[in-house]
Amino acid sequence: MANTNETKIEERKLIIIGSGPAGLSAALYAARADVDPLVLTGMTLHGQASITSTIDNYPGFPEGIGGADLGQLFQTHAERFGAQIEMNQATSVDFSQRPFVIQAYDKTYKANSVIISTGADHRKLDVPGEKELTGRGVSYCGTCDGWFFKEKDIVVVGGGDAAIEEGLFLTRFANSVTVIHRRDELRAGAILQKHAFANPKMKFIWDTVVTEILGENAVQSVRLKNVRTGEESINETDGVFIFIGHTPNTELFAGQLELDQEGYIVIDKNMETSVPGLFAAGEVADPDFRQVITSAGMGAAAAIQATRYLERLEEGD
Ligand code: NAP
């Protein structure tokens, strides 16, 4: 009789952790190089870009394309050449020897080369009330939650491209969108700024931080502090959308490869990490560009380099 407690082990040449634009582009290139890649999707199938309402700057789609639609096209394209996409989540890794070992919920994977494309997550404000009221008025995704704020008054925290782009999107639903920014000028690009300042639903509170989110079962207000004067105030609101940057999803890998001060994976121009045969692509290794096209490009480059690495290994170099 088969031992049902036995852990399933799957051995592959190349495993890709993460299924966003970087991971699926890597899968496409590796599949076309006949490396038979396996993608572990992680919890967010098709990555963060898939929850963006419209992607207007991915070449080839002059009318724009929905994030979810583009993610599905990436997957279909990779699968057409034989890439296997598996719904599973890496829970621990051992990169100290080859083959590398990836432990997932119900399976152990082994591979001589791995591409990490686990992306980045929303940075948290870390103020009282944020955690307790997440999903009850606190959100990190306008596209996902905007609909719930029809004709409500909401605040957006942050002054970068994401805050302004999402804030503008939220004006489709909300009565008013007040941007709370810790400085007196936005970091967002000029075009977004122009649209934001021209939109009658957008308001701005400058030089101010949110120090607490208040509400019993749902958000009712935010406590604000002016960073210049120290003055505190309470601003009533129905929702708090937080867009203050990202933190890379690298906790799983800490201590096993080189990370920078902010936790991003350090890679060389070949997308290779500090461990030979271990590559990284997309936002997990890119604090600067964070675009679908740059992530996709990094994924393609990582797959080309992983293929070369595996060829050298087979030749015994
Ligand atoms: P970002 O550019 O790093 O901006 C983060 C914003 O949050 C900044 O305004 C920052 O203030 C503020 N902030 C950071 N920590 C804070 C804190 N603890 N409390 C209050 N405010 C805080 O992040 P992002 O907007 O997510 O964009 C990241 C990258 O993606 C950028 O390269 C951006 O260009 C790109 N992106 C592009 C598009 C697009 O092209 N349409 C859309 C979204 C994102 P300071 O300004 O004072 O630092």
# chains A, B, ... in the order shown; residues from 1 in each chain; ligands from 1
call {"tool": "residues_near_ligand", "arguments": {"ligand": "ligand 1", "cutoff": "9 Å", "atoms": "only C-alpha atoms and all ligand atoms", "output": "PyMOL selection string"}}
result
chain A and resi 55-57+122-126+157-166+180-189+192+208-210+242-246+287-291
call {"tool": "residues_around", "arguments": {"residues": "stretch 212-225 of chain A", "least_positions_apart": "6", "cutoff": "7 Å", "atoms": "only C-alpha atoms", "output": "PyMOL selection string"}}
result
chain A and resi 127-130+133+136-137+231-239
call {"tool": "write_last_selection", "arguments": {"atoms": "N, CA and C atoms", "output": "PDB file, in the first residue's frame"}}
result
ATOM      1  N   VAL A 127       0.222  52.523  11.819  1.00  0.00           N
ATOM      2  CA  VAL A 127      -0.386  53.409  12.822  1.00  0.00           C
ATOM      3  C   VAL A 127      -1.547  52.650  13.473  1.00  0.00           C
ATOM      4  N   PRO A 128      -1.920  53.033  14.702  1.00  0.00           N
ATOM      5  CA  PRO A 128      -3.055  52.373  15.351  1.00  0.00           C
ATOM      6  C   PRO A 128      -4.305  52.442  14.479  1.00  0.00           C
ATOM      7  N   GLY A 129      -5.028  51.338  14.433  1.00  0.00           N
ATOM      8  CA  GLY A 129      -6.286  51.285  13.680  1.00  0.00           C
ATOM      9  C   GLY A 129      -6.121  50.743  12.269  1.00  0.00           C
ATOM     10  N   GLU A 130      -4.903  50.812  11.720  1.00  0.00           N
ATOM     11  CA  GLU A 130      -4.716  50.393  10.321  1.00  0.00           C
ATOM     12  C   GLU A 130      -5.038  48.906  10.146  1.00  0.00           C
ATOM     13  N   LEU A 133      -8.765  47.911  10.952  1.00  0.00           N
ATOM     14  CA  LEU A 133      -9.814  48.405  10.044  1.00  0.00           C
ATOM     15  C   LEU A 133      -9.530  48.079   8.576  1.00  0.00           C
ATOM     16  N   ARG A 136     -12.293  47.191   6.318  1.00  0.00           N
ATOM     17  CA  ARG A 136     -13.466  47.908   6.875  1.00  0.00           C
ATOM     18  C   ARG A 136     -13.302  49.400   6.627  1.00  0.00           C
ATOM     19  N   GLY A 137     -12.746  49.705   5.496  1.00  0.00           N
ATOM     20  CA  GLY A 137     -12.547  51.111   5.141  1.00  0.00           C
ATOM     21  C   GLY A 137     -11.093  51.428   4.849  1.00  0.00           C
ATOM     22  N   GLU A 231       0.596  70.639  14.863  1.00  0.00           N
ATOM     23  CA  GLU A 231      -0.830  70.719  15.178  1.00  0.00           C
ATOM     24  C   GLU A 231      -1.556  69.424  14.810  1.00  0.00           C
ATOM     25  N   GLU A 232      -2.435  68.979  15.711  1.00  0.00           N
ATOM     26  CA  GLU A 232      -3.196  67.748  15.455  1.00  0.00           C
ATOM     27  C   GLU A 232      -4.637  68.090  15.114  1.00  0.00           C
ATOM     28  N   SER A 233      -5.266  67.227  14.284  1.00  0.00           N
ATOM     29  CA  SER A 233      -6.677  67.455  13.952  1.00  0.00           C
ATOM     30  C   SER A 233      -7.321  66.115  13.615  1.00  0.00           C
ATOM     31  N   ILE A 234      -8.640  66.115  13.590  1.00  0.00           N
ATOM     32  CA  ILE A 234      -9.396  64.909  13.212  1.00  0.00           C
ATOM     33  C   ILE A 234     -10.126  65.223  11.915  1.00  0.00           C
ATOM     34  N   ASN A 235      -9.986  64.317  10.948  1.00  0.00           N
ATOM     35  CA  ASN A 235     -10.653  64.515   9.659  1.00  0.00           C
ATOM     36  C   ASN A 235     -11.633  63.362   9.436  1.00  0.00           C
ATOM     37  N   GLU A 236     -12.904  63.667   9.347  1.00  0.00           N
ATOM     38  CA  GLU A 236     -13.894  62.598   9.140  1.00  0.00           C
ATOM     39  C   GLU A 236     -13.766  62.036   7.729  1.00  0.00           C
ATOM     40  N   THR A 237     -13.864  60.721   7.618  1.00  0.00           N
ATOM     41  CA  THR A 237     -13.746  60.089   6.310  1.00  0.00           C
ATOM     42  C   THR A 237     -14.385  58.704   6.342  1.00  0.00           C
ATOM     43  N   ASP A 238     -14.796  58.222   5.169  1.00  0.00           N
ATOM     44  CA  ASP A 238     -15.395  56.885   5.092  1.00  0.00           C
ATOM     45  C   ASP A 238     -14.367  55.823   4.706  1.00  0.00           C
ATOM     46  N   GLY A 239     -13.246  56.275   4.149  1.00  0.00           N
ATOM     47  CA  GLY A 239     -12.260  55.291   3.705  1.00  0.00           C
ATOM     48  C   GLY A 239     -10.860  55.864   3.693  1.00  0.00           C
TER      49      GLY A 239
END
call {"tool": "residues_around", "arguments": {"residues": "stretch 294-310 of chain A", "least_positions_apart": "3", "cutoff": "6 Å", "atoms": "only C-alpha atoms", "output": "PyMOL selection string"}}
result
chain A and resi 21-23+25-26+29-30+271+281-282+291+313
call {"tool": "write_last_selection", "arguments": {"atoms": "N, CA and C atoms", "output": "compact mmCIF listing (two decimals), in the first residue's frame"}}
result
# COMPACT_ATOMS: atom_id res chain seq x y z
N PRO A 21 4.16 39.48 -14.21
CA PRO A 21 4.76 39.68 -15.54
C PRO A 21 6.20 39.14 -15.64
N ALA A 22 6.99 39.27 -14.56
CA ALA A 22 8.36 38.75 -14.61
C ALA A 22 8.36 37.23 -14.67
N GLY A 23 7.61 36.60 -13.78
CA GLY A 23 7.59 35.13 -13.72
C GLY A 23 7.05 34.51 -14.99
N SER A 25 6.86 35.89 -18.02
CA SER A 25 7.76 36.14 -19.17
C SER A 25 8.95 35.20 -19.11
N ALA A 26 9.47 34.97 -17.90
CA ALA A 26 10.55 34.00 -17.73
C ALA A 26 10.08 32.63 -18.18
N TYR A 29 10.00 32.38 -22.03
CA TYR A 29 11.34 32.25 -22.63
C TYR A 29 11.97 30.89 -22.31
N ALA A 30 11.79 30.42 -21.07
CA ALA A 30 12.38 29.13 -20.69
C ALA A 30 11.69 27.99 -21.43
N MET A 271 20.91 39.27 -14.05
CA MET A 271 19.77 38.90 -13.19
C MET A 271 20.15 37.83 -12.17
N ALA A 281 13.93 38.41 -10.80
CA ALA A 281 13.41 39.32 -11.83
C ALA A 281 12.15 40.01 -11.33
N GLY A 282 11.94 41.22 -11.83
CA GLY A 282 10.73 41.97 -11.48
C GLY A 282 10.91 42.75 -10.19
N GLN A 291 7.55 48.66 -13.53
CA GLN A 291 6.58 48.71 -14.62
C GLN A 291 6.37 47.29 -15.14
N LEU A 313 26.00 23.62 -16.87
CA LEU A 313 25.96 22.57 -15.85
C LEU A 313 25.95 21.20 -16.52
call {"tool": "closest_residue", "arguments": {"among": "A:Ala49, A:Ile9, A:Ile102, A:Ile85", "to": "A:Phe253", "atoms": "only C-alpha atoms"}}
result
A:Ile102
call {"tool": "atom_distance", "arguments": {"atom1": "atom CA of A:Val93", "atom2": "atom CA of A:Tyr264"}}
result
17.0 Å
call {"tool": "closest_residue", "arguments": {"among": "A:Ile267, A:Val179, A:Ala190, A:Ala104", "to": "A:Trp206", "atoms": "only C-alpha atoms"}}
result
A:Val179
call {"tool": "residues_around", "arguments": {"residues": "stretch 35-38 of chain A", "least_positions_apart": "4", "cutoff": "8 Å", "atoms": "only C-alpha atoms", "output": "PyMOL selection string"}}
result
chain A and resi 12-16+27+30-31+82-86+307
call {"tool": "decode", "arguments": {"residues": "stretch 263-280 of chain A", "atoms": "N, CA and C atoms", "output": "short mmCIF file (atom, residue, chain, number, x, y, z; two decimals), in the first residue's frame"}}
result
data_model
loop_
_atom_site.label_atom_id
_atom_site.label_comp_id
_atom_site.auth_asym_id
_atom_site.auth_seq_id
_atom_site.Cartn_x
_atom_site.Cartn_y
_atom_site.Cartn_z
N GLY A 263 15.63 45.33 1.63
CA GLY A 263 15.14 43.96 1.48
C GLY A 263 15.00 43.49 0.04
N TYR A 264 15.37 44.35 -0.93
CA TYR A 264 15.32 43.92 -2.34
C TYR A 264 16.47 42.96 -2.64
N ILE A 265 16.23 41.99 -3.51
CA ILE A 265 17.28 41.04 -3.87
C ILE A 265 18.33 41.76 -4.73
N VAL A 266 19.60 41.57 -4.37
CA VAL A 266 20.69 42.17 -5.13
C VAL A 266 21.01 41.24 -6.30
N ILE A 267 20.97 41.78 -7.53
CA ILE A 267 21.29 40.99 -8.72
C ILE A 267 22.35 41.70 -9.54
N ASP A 268 23.04 40.93 -10.40
CA ASP A 268 24.00 41.55 -11.32
C ASP A 268 23.30 41.81 -12.65
N LYS A 269 24.05 42.22 -13.66
CA LYS A 269 23.40 42.58 -14.93
C LYS A 269 22.80 41.36 -15.63
N ASN A 270 23.17 40.17 -15.19
CA ASN A 270 22.60 38.95 -15.75
C ASN A 270 21.41 38.44 -14.94
N MET A 271 20.91 39.27 -14.05
CA MET A 271 19.77 38.90 -13.19
C MET A 271 20.15 37.83 -12.17
N GLU A 272 21.44 37.56 -12.03
CA GLU A 272 21.86 36.49 -11.11
C GLU A 272 22.05 37.06 -9.71
N THR A 273 21.60 36.31 -8.71
CA THR A 273 21.74 36.73 -7.31
C THR A 273 23.14 36.38 -6.82
N SER A 274 23.36 36.52 -5.52
CA SER A 274 24.67 36.17 -4.95
C SER A 274 24.90 34.66 -4.96
N VAL A 275 23.87 33.87 -5.29
CA VAL A 275 24.02 32.40 -5.35
C VAL A 275 24.01 31.99 -6.83
N PRO A 276 25.09 31.37 -7.32
CA PRO A 276 25.10 30.96 -8.74
C PRO A 276 23.93 30.03 -9.07
N GLY A 277 23.29 30.30 -10.21
CA GLY A 277 22.15 29.47 -10.63
C GLY A 277 20.82 29.97 -10.10
N LEU A 278 20.88 30.94 -9.21
CA LEU A 278 19.66 31.50 -8.61
C LEU A 278 19.48 32.92 -9.15
N PHE A 279 18.37 33.14 -9.84
CA PHE A 279 18.14 34.43 -10.51
C PHE A 279 16.93 35.12 -9.89
N ALA A 280 16.82 36.43 -10.13
CA ALA A 280 15.64 37.15 -9.65
C ALA A 280 15.23 38.16 -10.71
#
